[in-house]
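Quick look at structure-v7.cif (mmCIF, C-alpha atoms (C1' of nucleotides)):
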```cif
data_model
#
loop_
_atom_site.label_atom_id
_atom_site.label_comp_id
_atom_site.auth_asym_id
_atom_site.auth_seq_id
_atom_site.Cartn_x
_atom_site.Cartn_y
_atom_site.Cartn_z
CA MET I 215 -2.78 28.78 1.85
CA ILE I 216 -4.96 31.32 3.60
CA ASP I 217 -3.76 34.88 4.01
CA GLU I 218 -2.14 35.44 7.38
CA ASN I 219 -4.11 38.58 8.20
CA LEU I 220 -7.37 36.95 7.24
CA LEU I 221 -6.57 34.12 9.63
CA LEU I 222 -5.66 36.50 12.43
CA ASN I 223 -8.79 38.58 11.83
CA HIS I 224 -10.86 35.47 12.27
CA GLY I 225 -9.27 34.70 15.59
CA ALA I 226 -6.27 32.55 14.72
CA ARG I 227 -3.49 32.20 17.27
CA LYS I 228 0.12 31.48 16.47
CA VAL I 229 1.27 28.44 18.41
CA VAL I 230 4.87 27.31 18.86
CA PHE I 231 6.02 23.68 18.81
CA SER I 232 9.41 22.10 19.35
CA LYS I 233 10.84 19.39 17.17
CA GLY I 234 9.18 16.12 18.10
CA ASP I 235 6.05 17.65 19.67
CA GLN I 236 2.73 16.09 18.74
CA LEU I 237 -0.05 18.49 17.78
CA PHE I 238 -2.75 15.84 17.75
CA ARG I 239 -3.08 12.07 17.66
CA GLU I 240 -4.81 9.49 15.54
CA GLY I 241 -8.32 8.84 16.86
CA GLU I 242 -8.83 12.26 18.46
CA SER I 243 -11.66 14.58 17.42
CA ALA I 244 -10.73 17.49 15.21
CA ASN I 245 -11.26 20.87 16.81
CA ASN I 246 -8.87 23.11 14.95
CA PHE I 247 -7.69 24.26 11.59
CA TYR I 248 -3.90 24.44 11.23
CA GLN I 249 -1.62 26.27 8.83
CA VAL I 250 2.17 26.21 9.04
CA ALA I 251 3.83 29.57 9.68
CA SER I 252 7.38 28.22 9.95
CA GLY I 253 9.12 24.86 10.22
CA GLU I 254 7.71 21.52 9.12
CA ILE I 255 4.93 19.27 10.34
CA LYS I 256 4.34 15.67 9.33
CA MET I 257 1.22 13.55 9.63
CA ASN I 258 1.88 9.90 10.29
CA ASN I 259 0.68 6.53 11.54
CA TYR I 260 2.45 3.87 13.53
CA ASN I 261 1.47 0.23 13.28
CA GLU I 262 1.63 -2.21 16.22
CA ASP I 263 5.31 -2.90 15.83
CA GLY I 264 6.26 0.72 15.52
CA LYS I 265 6.63 0.99 11.77
CA GLU I 266 5.91 4.53 10.67
CA PHE I 267 3.94 5.63 7.65
CA ILE I 268 4.07 9.31 6.65
CA GLN I 269 0.81 10.61 5.21
CA GLY I 270 2.30 13.96 4.28
CA ILE I 271 4.86 16.62 5.14
CA PHE I 272 3.67 20.21 5.38
CA SER I 273 5.75 23.36 5.34
CA ILE I 274 5.23 27.12 5.29
CA GLY I 275 1.83 28.18 3.99
CA GLN I 276 0.38 24.69 3.88
CA SER I 277 -2.62 23.70 5.92
CA PHE I 278 -3.26 20.23 7.27
CA GLY I 279 -5.79 18.25 9.25
CA GLU I 280 -8.83 19.90 7.65
CA PRO I 281 -10.60 16.78 6.35
CA PRO I 282 -11.74 15.53 9.78
CA LEU I 283 -13.01 19.04 10.50
CA LEU I 284 -15.17 19.02 7.39
CA ALA I 285 -16.16 15.37 7.39
CA ASN I 286 -16.87 15.15 11.11
CA VAL I 287 -14.64 12.17 11.69
CA LYS I 288 -11.68 11.40 13.94
CA TYR I 289 -8.12 12.11 12.89
CA PRO I 290 -6.82 9.21 10.79
CA ALA I 291 -3.21 10.04 11.75
CA ASN I 292 -0.97 11.92 14.17
CA ALA I 293 0.62 15.31 13.53
CA GLU I 294 4.17 15.86 14.69
CA ALA I 295 6.68 18.67 14.35
CA ILE I 296 9.68 17.57 12.25
CA SER I 297 11.54 20.73 13.23
CA ASP I 298 10.77 23.57 15.61
CA ALA I 299 7.68 25.14 14.10
CA GLU I 300 5.07 27.84 14.38
CA VAL I 301 1.50 27.09 13.42
CA PHE I 302 -1.60 29.21 12.98
CA GLN I 303 -4.44 27.63 14.86
CA LEU I 304 -8.10 28.43 14.30
CA SER I 305 -11.07 26.83 16.04
CA LYS I 306 -13.46 24.73 14.00
CA ASP I 307 -16.30 27.24 14.29
CA GLN I 308 -14.08 30.14 13.34
CA PHE I 309 -12.76 28.17 10.38
CA LEU I 310 -16.22 27.28 9.10
CA GLU I 311 -17.25 30.89 9.56
CA LEU I 312 -14.25 31.99 7.52
CA LEU I 313 -15.19 29.59 4.74
CA SER I 314 -18.81 30.68 4.51
CA SER I 315 -17.95 34.36 4.60
CA ASN I 316 -15.23 33.98 2.04
CA PRO I 317 -16.11 31.89 -1.04
CA LYS I 318 -12.69 32.38 -2.61
CA VAL I 319 -10.95 30.90 0.40
CA HIS I 320 -13.48 28.10 0.40
CA LEU I 321 -12.69 27.29 -3.22
CA LYS I 322 -8.98 27.39 -2.43
CA ILE I 323 -9.46 24.87 0.35
CA THR I 324 -11.54 22.64 -1.89
CA GLU I 325 -8.75 22.78 -4.41
CA THR I 326 -6.21 21.85 -1.75
CA LEU I 327 -8.27 18.83 -0.75
CA ALA I 328 -8.61 17.83 -4.39
CA LYS I 329 -4.85 17.99 -4.85
CA ARG I 330 -4.24 15.92 -1.78
CA LEU I 331 -6.77 13.38 -2.94
CA HIS I 332 -4.91 13.18 -6.20
CA TYR I 333 -1.65 12.52 -4.37
CA LYS I 334 -3.24 9.85 -2.19
CA ALA I 335 -4.86 8.14 -5.16
CA ILE I 336 -1.46 7.89 -6.79
CA MET I 337 0.29 6.66 -3.67
CA VAL I 338 -2.25 4.06 -2.68
CA SER I 339 -2.18 2.58 -6.16
CA GLU I 340 1.62 2.63 -6.24
CA ILE I 341 1.98 1.09 -2.81
CA SER I 342 -0.56 -1.59 -3.55
CA SER I 343 0.88 -2.75 -6.82
CA GLN I 344 4.20 -1.33 -7.84
CA GLU I 345 7.79 -2.29 -7.17
CA PRO I 346 10.12 -0.25 -4.95
CA GLU I 347 11.93 1.51 -7.79
CA HIS I 348 8.68 2.47 -9.46
CA ARG I 349 7.22 3.84 -6.24
CA ILE I 350 10.31 5.88 -5.51
CA LEU I 351 10.46 7.42 -8.96
CA ARG I 352 6.76 8.20 -8.78
CA ILE I 353 6.99 10.14 -5.54
CA ILE I 354 10.11 11.98 -6.65
CA ASP I 355 8.43 12.95 -9.92
CA TYR I 356 5.36 14.04 -8.02
CA LEU I 357 7.39 16.25 -5.71
CA LYS I 358 9.45 17.64 -8.57
CA GLN I 359 6.32 18.62 -10.43
CA ILE I 360 4.72 20.13 -7.32
CA ASN I 361 7.82 22.24 -6.82
CA LYS I 362 7.64 23.25 -10.47
CA VAL I 363 11.19 22.15 -11.20
CA GLU I 364 12.06 21.25 -14.78
CA GLY I 365 15.14 19.86 -16.49
CA LYS I 366 17.14 16.68 -15.95
CA PHE I 367 18.79 16.21 -12.56
CA THR I 368 17.87 19.73 -11.48
CA TYR I 369 15.52 18.71 -8.71
CA ARG I 370 17.15 17.88 -5.41
CA LEU I 371 15.11 15.58 -3.22
CA ASP I 372 15.14 16.94 0.28
CA LEU I 373 14.21 13.81 2.17
CA THR I 374 16.27 11.32 4.11
CA ARG I 375 16.20 7.70 2.92
CA GLN I 376 14.16 6.92 6.01
CA GLN I 377 11.53 9.55 5.19
CA LEU I 378 11.36 8.30 1.63
CA ALA I 379 10.83 4.81 3.03
CA ASP I 380 8.09 5.96 5.37
CA LEU I 381 6.32 7.81 2.56
CA THR I 382 6.39 4.82 0.21
CA GLY I 383 5.77 2.05 2.72
CA LEU I 384 9.23 0.54 2.21
CA ARG I 385 12.16 -0.10 4.54
CA VAL I 386 15.27 2.07 4.61
CA GLU I 387 17.52 -0.67 3.31
CA THR I 388 15.21 -1.27 0.39
CA VAL I 389 15.10 2.44 -0.44
CA ILE I 390 18.88 2.69 -0.27
CA ARG I 391 19.34 -0.28 -2.58
CA ALA I 392 16.61 0.86 -4.95
CA THR I 393 17.96 4.40 -5.29
CA LYS I 394 21.42 3.02 -6.01
CA SER I 395 19.95 0.78 -8.65
CA LEU I 396 18.08 3.77 -10.13
CA GLU I 397 21.36 5.68 -10.24
CA LYS I 398 22.99 2.83 -12.19
CA LYS I 399 20.10 2.94 -14.63
CA GLY I 400 20.58 6.68 -15.10
CA GLU I 401 17.17 7.54 -13.67
CA VAL I 402 18.56 9.62 -10.81
CA GLN I 403 21.89 11.09 -9.79
CA ILE I 404 23.33 10.87 -6.30
CA LYS I 405 25.68 13.65 -5.24
CA LYS I 406 26.90 13.96 -1.68
CA ARG I 407 24.22 11.42 -0.70
CA LYS I 408 21.47 13.64 -2.08
CA VAL I 409 19.20 12.34 -4.80
CA PHE I 410 18.78 14.47 -7.94
CA ARG I 411 16.17 13.96 -10.62
CA MET A 46 -25.03 14.11 -3.62
CA ILE A 47 -26.38 17.02 -5.61
CA ASP A 48 -30.10 17.35 -6.20
CA GLU A 49 -31.14 15.90 -9.56
CA ASN A 50 -33.16 18.93 -10.62
CA LEU A 51 -30.39 21.29 -9.69
CA LEU A 52 -28.04 19.29 -11.88
CA LEU A 53 -30.48 19.26 -14.79
CA ASN A 54 -31.14 22.99 -14.44
CA HIS A 55 -27.43 23.59 -14.76
CA GLY A 56 -27.26 21.64 -17.97
CA ALA A 57 -26.55 18.08 -16.85
CA ARG A 58 -27.26 15.23 -19.28
CA LYS A 59 -28.09 11.70 -18.28
CA VAL A 60 -25.74 9.30 -20.01
CA VAL A 61 -26.18 5.54 -20.26
CA PHE A 62 -23.34 3.02 -19.93
CA SER A 63 -23.26 -0.74 -20.26
CA LYS A 64 -21.45 -3.04 -17.86
CA GLY A 65 -17.75 -2.90 -18.67
CA ASP A 66 -17.80 0.49 -20.44
CA GLN A 67 -15.07 2.94 -19.54
CA LEU A 68 -16.17 6.52 -18.83
CA PHE A 69 -12.65 7.89 -18.74
CA ARG A 70 -9.09 6.67 -18.48
CA GLU A 71 -6.09 7.34 -16.28
CA GLY A 72 -4.04 10.20 -17.70
CA GLU A 73 -6.88 11.95 -19.54
CA SER A 74 -7.87 15.53 -18.73
CA ALA A 75 -10.98 15.99 -16.66
CA ASN A 76 -13.80 17.74 -18.47
CA ASN A 77 -16.89 16.60 -16.66
CA PHE A 78 -18.53 16.18 -13.31
CA TYR A 79 -20.25 12.81 -12.80
CA GLN A 80 -22.95 11.61 -10.43
CA VAL A 81 -24.42 8.13 -10.48
CA ALA A 82 -28.15 7.93 -11.26
CA SER A 83 -28.34 4.14 -11.32
CA GLY A 84 -26.00 1.17 -11.32
CA GLU A 85 -22.42 1.16 -10.08
CA ILE A 86 -19.19 2.71 -11.27
CA LYS A 87 -15.70 1.84 -10.07
CA MET A 88 -12.49 3.82 -10.37
CA ASN A 89 -9.40 1.69 -10.79
CA ASN A 90 -5.79 1.34 -11.89
CA TYR A 91 -4.01 -1.47 -13.64
CA ASN A 92 -0.30 -2.02 -13.24
CA GLU A 93 1.97 -3.34 -16.00
CA ASP A 94 1.09 -6.95 -15.44
CA GLY A 95 -2.63 -6.34 -15.29
CA LYS A 96 -3.15 -6.34 -11.56
CA GLU A 97 -6.14 -4.18 -10.69
CA PHE A 98 -6.45 -1.75 -7.82
CA ILE A 99 -9.89 -0.33 -7.04
CA GLN A 100 -9.80 3.25 -5.80
CA GLY A 101 -13.49 3.30 -5.01
CA ILE A 102 -16.92 2.01 -5.94
CA PHE A 103 -19.70 4.54 -6.44
CA SER A 104 -23.45 3.91 -6.49
CA ILE A 105 -26.64 5.93 -6.69
CA GLY A 106 -26.29 9.52 -5.58
CA GLN A 107 -22.51 9.44 -5.32
CA SER A 108 -20.32 11.65 -7.43
CA PHE A 109 -16.82 10.75 -8.59
CA GLY A 110 -13.92 12.15 -10.54
CA GLU A 111 -14.24 15.68 -9.15
CA PRO A 112 -10.72 16.11 -7.76
CA PRO A 113 -8.99 16.45 -11.15
CA LEU A 114 -11.65 18.97 -12.12
CA LEU A 115 -10.87 21.12 -9.10
CA ALA A 116 -7.13 20.54 -8.93
CA ASN A 117 -6.51 20.89 -12.66
CA VAL A 118 -4.68 17.61 -12.98
CA LYS A 119 -5.08 14.45 -15.06
CA TYR A 120 -7.24 11.56 -13.92
CA PRO A 121 -5.20 9.33 -11.60
CA ALA A 122 -7.39 6.32 -12.45
CA ASN A 123 -9.93 4.89 -14.90
CA ALA A 124 -13.70 4.87 -14.39
CA GLU A 125 -15.60 1.77 -15.43
CA ALA A 126 -19.22 0.63 -15.18
CA ILE A 127 -19.50 -2.42 -12.90
CA SER A 128 -23.11 -2.90 -13.98
CA ASP A 129 -25.29 -1.19 -16.55
CA ALA A 130 -25.51 2.35 -15.26
CA GLU A 131 -26.90 5.84 -15.80
CA VAL A 132 -24.79 8.84 -14.92
CA PHE A 133 -25.48 12.56 -14.75
CA GLN A 134 -22.79 14.39 -16.64
CA LEU A 135 -22.06 18.09 -16.28
CA SER A 136 -19.32 20.03 -18.02
CA LYS A 137 -16.50 21.49 -15.96
CA ASP A 138 -17.63 25.09 -16.51
CA GLN A 139 -21.20 24.30 -15.64
CA PHE A 140 -20.07 22.47 -12.54
CA LEU A 141 -17.89 25.34 -11.34
CA GLU A 142 -20.74 27.72 -12.03
CA LEU A 143 -23.06 25.53 -9.95
CA LEU A 144 -20.58 25.59 -7.08
CA SER A 145 -20.10 29.33 -7.05
CA SER A 146 -23.81 30.05 -7.32
CA ASN A 147 -24.67 27.55 -4.64
CA PRO A 148 -22.53 27.70 -1.48
CA LYS A 149 -24.42 24.86 0.20
CA VAL A 150 -23.67 22.51 -2.66
CA HIS A 151 -20.08 23.66 -2.60
CA LEU A 152 -19.81 22.84 1.09
CA LYS A 153 -21.38 19.46 0.45
CA ILE A 154 -18.78 18.70 -2.21
CA THR A 155 -15.98 19.82 0.08
CA GLU A 156 -17.37 17.49 2.71
CA THR A 157 -17.45 14.63 0.21
CA LEU A 158 -13.81 15.22 -0.70
CA ALA A 159 -12.90 15.34 2.99
CA LYS A 160 -14.60 11.99 3.57
CA ARG A 161 -12.87 10.42 0.66
CA LEU A 162 -9.55 11.77 1.86
CA HIS A 163 -10.25 10.17 5.20
CA TYR A 164 -10.91 6.82 3.54
CA LYS A 165 -7.75 7.07 1.47
CA ALA A 166 -5.63 8.03 4.46
CA ILE A 167 -6.86 4.92 6.22
CA MET A 168 -6.32 2.64 3.26
CA VAL A 169 -2.88 3.86 2.33
CA SER A 170 -1.68 3.40 5.89
CA GLU A 171 -3.28 -0.05 6.11
CA ILE A 172 -1.89 -1.20 2.79
CA SER A 173 1.55 0.08 3.59
CA SER A 174 1.91 -1.51 6.97
CA GLN A 175 -0.79 -3.92 8.03
CA GLU A 176 -1.33 -7.63 7.56
CA PRO A 177 -4.07 -9.05 5.33
CA GLU A 178 -6.52 -9.82 8.13
CA HIS A 179 -6.12 -6.37 9.61
CA ARG A 180 -6.66 -4.69 6.25
CA ILE A 181 -9.76 -6.71 5.53
CA LEU A 182 -11.34 -6.02 8.90
CA ARG A 183 -10.55 -2.34 8.53
CA ILE A 184 -12.28 -1.95 5.20
CA ILE A 185 -15.27 -4.00 6.32
CA ASP A 186 -15.60 -1.87 9.45
CA TYR A 187 -15.28 1.25 7.38
CA LEU A 188 -18.05 0.17 5.01
CA LYS A 189 -20.25 -0.98 7.87
CA GLN A 190 -19.95 2.39 9.55
CA ILE A 191 -20.55 4.28 6.30
CA ASN A 192 -23.73 2.27 5.80
CA LYS A 193 -24.71 3.05 9.38
CA VAL A 194 -25.17 -0.58 10.30
CA GLU A 195 -24.82 -1.53 13.98
CA GLY A 196 -24.87 -4.81 15.88
CA LYS A 197 -22.77 -7.94 15.59
CA PHE A 198 -22.88 -9.86 12.31
CA THR A 199 -25.69 -7.66 10.99
CA TYR A 200 -23.71 -6.08 8.18
CA ARG A 201 -23.49 -8.10 5.01
CA LEU A 202 -20.49 -7.30 2.88
CA ASP A 203 -21.60 -6.98 -0.70
CA LEU A 204 -18.30 -7.52 -2.44
CA THR A 205 -16.78 -10.52 -4.14
CA ARG A 206 -13.51 -11.84 -2.74
CA GLN A 207 -11.86 -10.49 -5.87
CA GLN A 208 -13.21 -6.98 -5.31
CA LEU A 209 -12.14 -7.12 -1.69
CA ALA A 210 -8.68 -8.13 -2.90
CA ASP A 211 -8.53 -5.30 -5.42
CA LEU A 212 -9.59 -2.77 -2.78
CA THR A 213 -6.99 -3.91 -0.27
CA GLY A 214 -4.12 -4.62 -2.62
CA LEU A 215 -4.15 -8.35 -1.91
CA ARG A 216 -4.68 -11.44 -4.09
CA VAL A 217 -7.94 -13.41 -4.14
CA GLU A 218 -6.39 -16.48 -2.59
CA THR A 219 -5.01 -14.43 0.26
CA VAL A 220 -8.38 -12.79 0.86
CA ILE A 221 -10.13 -16.16 0.84
CA ARG A 222 -7.69 -17.62 3.34
CA ALA A 223 -7.73 -14.51 5.52
CA THR A 224 -11.52 -14.30 5.71
CA LYS A 225 -11.68 -17.97 6.65
CA SER A 226 -9.14 -17.37 9.36
CA LEU A 227 -11.16 -14.38 10.57
CA GLU A 228 -14.22 -16.59 10.71
CA LYS A 229 -12.37 -19.12 12.89
CA LYS A 230 -11.39 -16.29 15.20
CA GLY A 231 -15.01 -15.18 15.45
CA GLU A 232 -14.36 -11.81 13.84
CA VAL A 233 -16.72 -12.41 10.93
CA GLN A 234 -19.37 -14.93 9.96
CA ILE A 235 -19.63 -16.52 6.55
CA LYS A 236 -23.07 -17.62 5.41
CA LYS A 237 -23.70 -18.84 1.90
CA ARG A 238 -20.28 -17.45 0.98
CA LYS A 239 -21.26 -13.98 2.10
CA VAL A 240 -19.24 -12.26 4.79
CA PHE A 241 -21.11 -10.82 7.78
CA ARG A 242 -19.67 -8.49 10.38
"C1'" DC N 1064 37.77 19.41 16.60
"C1'" DC N 1065 36.00 15.87 19.44
"C1'" DG N 1066 32.48 12.51 20.85
"C1'" DG N 1067 27.90 11.38 19.88
"C1'" DT N 1068 24.10 10.99 16.96
"C1'" DT N 1069 22.13 10.48 12.52
"C1'" DT N 1070 22.28 8.77 8.00
"C1'" DT N 1071 23.89 5.81 4.49
"C1'" DA N 1072 25.74 1.38 3.20
"C1'" DT N 1073 26.09 -3.74 2.50
"C1'" DG N 1074 25.97 -8.67 3.18
"C1'" DA N 1075 23.21 -12.85 4.93
"C1'" DT N 1076 19.03 -14.92 6.00
"C1'" DC N 1077 14.13 -15.43 6.62
"C1'" DT N 1078 9.19 -15.03 5.93
"C1'" DC N 1079 4.72 -13.93 4.35
"C1'" DG N 1080 1.95 -13.33 0.67
"C1'" DA N 1081 2.21 -14.13 -4.37
"C1'" DT N 1082 2.04 -17.44 -7.70
"C1'" DC N 1083 0.75 -21.76 -9.85
"C1'" DA N 1084 -2.21 -25.62 -10.38
"C1'" DT N 1085 -6.39 -27.76 -9.86
"C1'" DA N 1086 -11.00 -28.63 -8.04
"C1'" DT N 1087 -15.60 -27.74 -6.51
"C1'" DC N 1088 -19.51 -25.06 -5.87
"C1'" DT N 1089 -22.89 -21.58 -7.53
"C1'" DT N 1090 -25.20 -18.83 -10.71
"C1'" DC N 1091 -26.62 -17.54 -15.14
"C1'" DT N 1092 -28.19 -18.48 -19.84
"C1'" DC N 1093 -30.36 -20.74 -23.69
"C1'" DG V 1041 -31.81 -28.81 -16.71
"C1'" DA V 1042 -27.39 -28.99 -19.44
"C1'" DG V 1043 -23.40 -26.42 -20.14
"C1'" DA V 1044 -20.71 -22.34 -19.54
"C1'" DA V 1045 -18.99 -18.74 -16.76
"C1'" DG V 1046 -18.00 -16.95 -12.42
"C1'" DA V 1047 -16.72 -17.37 -7.66
"C1'" DT V 1048 -14.79 -19.84 -3.90
"C1'" DA V 1049 -11.54 -23.22 -2.17
"C1'" DT V 1050 -7.05 -25.50 -1.13
"C1'" DG V 1051 -2.46 -27.41 -1.46
"C1'" DA V 1052 2.53 -26.67 -3.04
"C1'" DT V 1053 6.22 -23.75 -4.20
"C1'" DC V 1054 8.66 -19.47 -4.93
"C1'" DG V 1055 10.74 -15.04 -4.43
"C1'" DA V 1056 10.95 -10.04 -3.37
"C1'" DG V 1057 11.41 -7.33 0.21
"C1'" DA V 1058 11.77 -7.48 5.28
"C1'" DT V 1059 14.70 -8.39 8.87
"C1'" DC V 1060 19.07 -8.82 11.25
"C1'" DA V 1061 23.76 -7.56 11.93
"C1'" DT V 1062 27.43 -4.59 11.45
"C1'" DA V 1063 30.14 -0.80 9.66
"C1'" DA V 1064 31.46 3.50 7.91
"C1'" DA V 1065 30.57 8.10 6.55
"C1'" DA V 1066 28.54 12.71 7.50
"C1'" DC V 1067 26.77 15.95 10.51
"C1'" DC V 1068 26.20 18.61 14.77
"C1'" DG V 1069 26.45 20.77 19.29
"C1'" DG V 1070 29.48 22.36 22.90
#
```
Would it be possible to restate this file's structure as structure tokens?
Amino acid sequence: MIDENLLLNHGARKVVFSKGDQLFREGESANNFYQVASGEIKMNNYNEDGKEFIQGIFSIGQSFGEPPLLANVKYPANAEAISDAEVFQLSKDQFLELLSSNPKVHLKITETLAKRLHYKAIMVSEISSQEPEHRILRIIDYLKQINKVEGKFTYRLDLTRQQLADLTGLRVETVIRATKSLEKKGEVQIKKRKVFR
Amino acid sequence: MIDENLLLNHGARKVVFSKGDQLFREGESANNFYQVASGEIKMNNYNEDGKEFIQGIFSIGQSFGEPPLLANVKYPANAEAISDAEVFQLSKDQFLELLSSNPKVHLKITETLAKRLHYKAIMVSEISSQEPEHRILRIIDYLKQINKVEGKFTYRLDLTRQQLADLTGLRVETVIRATKSLEKKGEVQIKKRKVFR
DNA sequence: CCGGTTTTATGATCTCGATCATATCTTCTC
DNA sequence: GAGAAGATATGATCGAGATCATAAAACCGG
């Protein structure tokens, strides 16, 4: 997260999006740095028959879409507003200028990329070789830890079954059945349809 | 890739590994920065029943295992020498010192992370929702482009079918059948068992 | 609080890639 | 150049998760 004033001082604009709007699409060149000011943005892919895969969900303070900016490649996924949202937008040049003039911010960004790489390394391994229940527990535990929640059944997963499916590469029905099975095994609790862990 | 002398000036040691040696394991804390001097290193995971997933293969000049260093997390995968190899090794503190005293190197590392994130975003989406042939073509095209090869059937894929399987989350037999099918379709050529694209 | 949308739920069936078994071809080693 | 180890090849069978169909519960905007 980059300080709001620092962003504005470097020329950032606050842009407003409505739920469902696309900010950019897979295959486009990256021209801007983005940081969420309010609401939620997801990055996703669709395969030929419309199946969605969610690369990540970003909320207040989180930036997204930087890698293509830094690696000079095309966007590997779309960005779409999950809810109405406001986003700080900074041009590529301004962003790079900010980085070079501000080593601490640069290090922070590097750290963010490193964390995301860690998440992706976990997910790609899980998706490639683990069973549905394992994958689901893994992502829940990851999110719980990210949100610094501790203690049994104190973390409430704030995702729909469909989102959980799209994050783990499964189908809704499979996620529903797997979470129920996990509840039976005492791995999670389900209260009012919400998953606790 | 960080300049060899710069690494040595900051206290790097050159360490020798034999084929099959493990440099670190999944779950361990990250204490060192690594850059390949010769040979090849792979990072991988094994699931409960021994199935391997290869996160990446690194050869001369490429660094690996930095994310946990920067994100302060445990290694998400093992590192293993594919062939006899030499590796520059630099302690975490020395590495961070190098970064802060050398903005250009820092930017280079950030760029490396961004590229790797791009690769992972592609792979995780492919593995989660694409068919074997699609996945295989995608990784071949990715490698071809990385190696800056152009022209039809000029790029020779230097991976065994097993490695290709472990990179794409498939089984050898499936990769063998899929590459043959791709050959029939004219998407790749197979000469002396090597795949060309 | 009503009608519509979204989300969760559950049974039945199907399909693609995994698994198993076995063989051949190639490369490496002594 | 014989024998072992590694890599590629190919057919047969199986099974987990996808797919299809349908329903009910929860939520939401006017």
Check which residues of chain I sit at most 9 Å from chain V using only C-alpha atoms (C1' of nucleotides), and return one row each with the closest pair of atoms and their distance in Å to one decimal, ordered by chain and rising number, as CSV.
```
residue,atom,partner,partner_atom,distance
I:Pro346,CA,V:DG1057,C1',8.9
I:Leu384,CA,V:DG1057,C1',8.4
I:Arg385,CA,V:DA1058,C1',7.4
I:Thr388,CA,V:DG1057,C1',7.2
```
Could the residues in this selection be saved with C-alpha atoms as a compact mmCIF listing (two decimals), keeping the file's coordinate frame?
```txt
# COMPACT_ATOMS: atom_id res chain seq x y z
CA PRO I 346 10.12 -0.25 -4.95
CA LEU I 384 9.23 0.54 2.21
CA ARG I 385 12.16 -0.10 4.54
CA THR I 388 15.21 -1.27 0.39
```
Spatial neighbours of Glu218 (chain A), max dist 9 Å, all atoms listed in the file, sep filter under 3 positions, as an mmCIF file with C-alpha atoms (C1' of nucleotides), in the frame of the given file:
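Final file, around-v4.cif:
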```
data_model
loop_
_atom_site.group_PDB
_atom_site.id
_atom_site.type_symbol
_atom_site.label_atom_id
_atom_site.label_comp_id
_atom_site.auth_asym_id
_atom_site.auth_seq_id
_atom_site.Cartn_x
_atom_site.Cartn_y
_atom_site.Cartn_z
ATOM 1 C CA ARG A 206 -13.510 -11.840 -2.740
ATOM 2 C CA GLN A 207 -11.860 -10.490 -5.870
ATOM 3 C CA ALA A 210 -8.680 -8.130 -2.900
ATOM 4 C CA LEU A 215 -4.150 -8.350 -1.910
ATOM 5 C CA ILE A 221 -10.130 -16.160 0.840
ATOM 6 C CA ARG A 222 -7.690 -17.620 3.340
ATOM 7 C CA ALA A 223 -7.730 -14.510 5.520
ATOM 8 C "C1'" DA V 1049 -11.540 -23.220 -2.170
#
```
Expressed in Å, the length from CA of Lys329 (chain I) to CA of Ala116 (chain A) is 5.3 Å
Can you list every residue of chain I that has an atom at most 6 Å from chain A, with its nearest atom pair and the distance in Å to one decimal, using all atoms listed in the file, ordered by chain then number, as JSON lines?
```
{"residue": "I:Pro281", "atom": "CA", "partner": "A:Ala159", "partner_atom": "CA", "distance": 4.3}
{"residue": "I:Leu284", "atom": "CA", "partner": "A:Glu156", "partner_atom": "CA", "distance": 5.4}
{"residue": "I:Ala285", "atom": "CA", "partner": "A:Glu156", "partner_atom": "CA", "distance": 5.3}
{"residue": "I:Thr324", "atom": "CA", "partner": "A:Thr155", "partner_atom": "CA", "distance": 5.6}
{"residue": "I:Glu325", "atom": "CA", "partner": "A:Ala116", "partner_atom": "CA", "distance": 5.3}
{"residue": "I:Ala328", "atom": "CA", "partner": "A:Pro112", "partner_atom": "CA", "distance": 4.3}
{"residue": "I:Lys329", "atom": "CA", "partner": "A:Ala116", "partner_atom": "CA", "distance": 5.3}
{"residue": "I:Leu331", "atom": "CA", "partner": "A:Leu162", "partner_atom": "CA", "distance": 5.8}
{"residue": "I:Val338", "atom": "CA", "partner": "A:Val169", "partner_atom": "CA", "distance": 5.1}
{"residue": "I:Ser342", "atom": "CA", "partner": "A:Gly214", "partner_atom": "CA", "distance": 4.8}
{"residue": "I:Gly383", "atom": "CA", "partner": "A:Ser173", "partner_atom": "CA", "distance": 4.7}
```
Give me the result of the PyMOL selection byres ((chain A and resi 68) around 7) on this file, residue by residue, as a list in words. Asp66, Gln67, Phe69, Ala124 and Glu125 of chain A
Limited to C-alpha atoms, could you put the picked residues into a file as a compact mmCIF listing (two decimals), in the coordinates of the input?
```
# COMPACT_ATOMS: atom_id res chain seq x y z
CA ASP A 66 -17.80 0.49 -20.44
CA GLN A 67 -15.07 2.94 -19.54
CA PHE A 69 -12.65 7.89 -18.74
CA ALA A 124 -13.70 4.87 -14.39
CA GLU A 125 -15.60 1.77 -15.43
```
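Between Lys233 (chain I) and the residues I:Leu220, I:Gly275, I:Ala299, I:Phe309, the shortest atom-to-atom distance, using all atoms listed in the file, involves I:Ala299.
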Within 9 Å of chain I, which residues of chain N show up? Give each one with its shortest atom-to-atom distance in Å (one decimal) and the two atoms involved, counting all atoms listed in the file, rows by chain then rising residue number, as a tab-separated table.
```
residue	atom	partner	partner_atom	distance
N:DT1070	C1'	I:Thr374	CA	7.6
N:DT1071	C1'	I:Ile390	CA	7.6
N:DA1072	C1'	I:Ile390	CA	7.8
```
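Taking CA of Ile105 (chain A) and CA of Glu71 (chain A) as endpoints, the distance between them is 22.7 Å.
Residues selected in this file by the PyMOL selection byres ((chain A and resi 78) around 7) comprise Asn77, Tyr79, Gln80, Gly110, Glu111, Gln134, Leu135, Ser136, Lys137 and Phe140 of chain A.
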Skipping near chain neighbours, those fewer than 2 positions away, what residues fall within 12 Å of Lys189 (chain A) using only C-alpha atoms (C1' of nucleotides), listed as an NGL selection string? :A and (182-187 or 191-203 or 240-242)
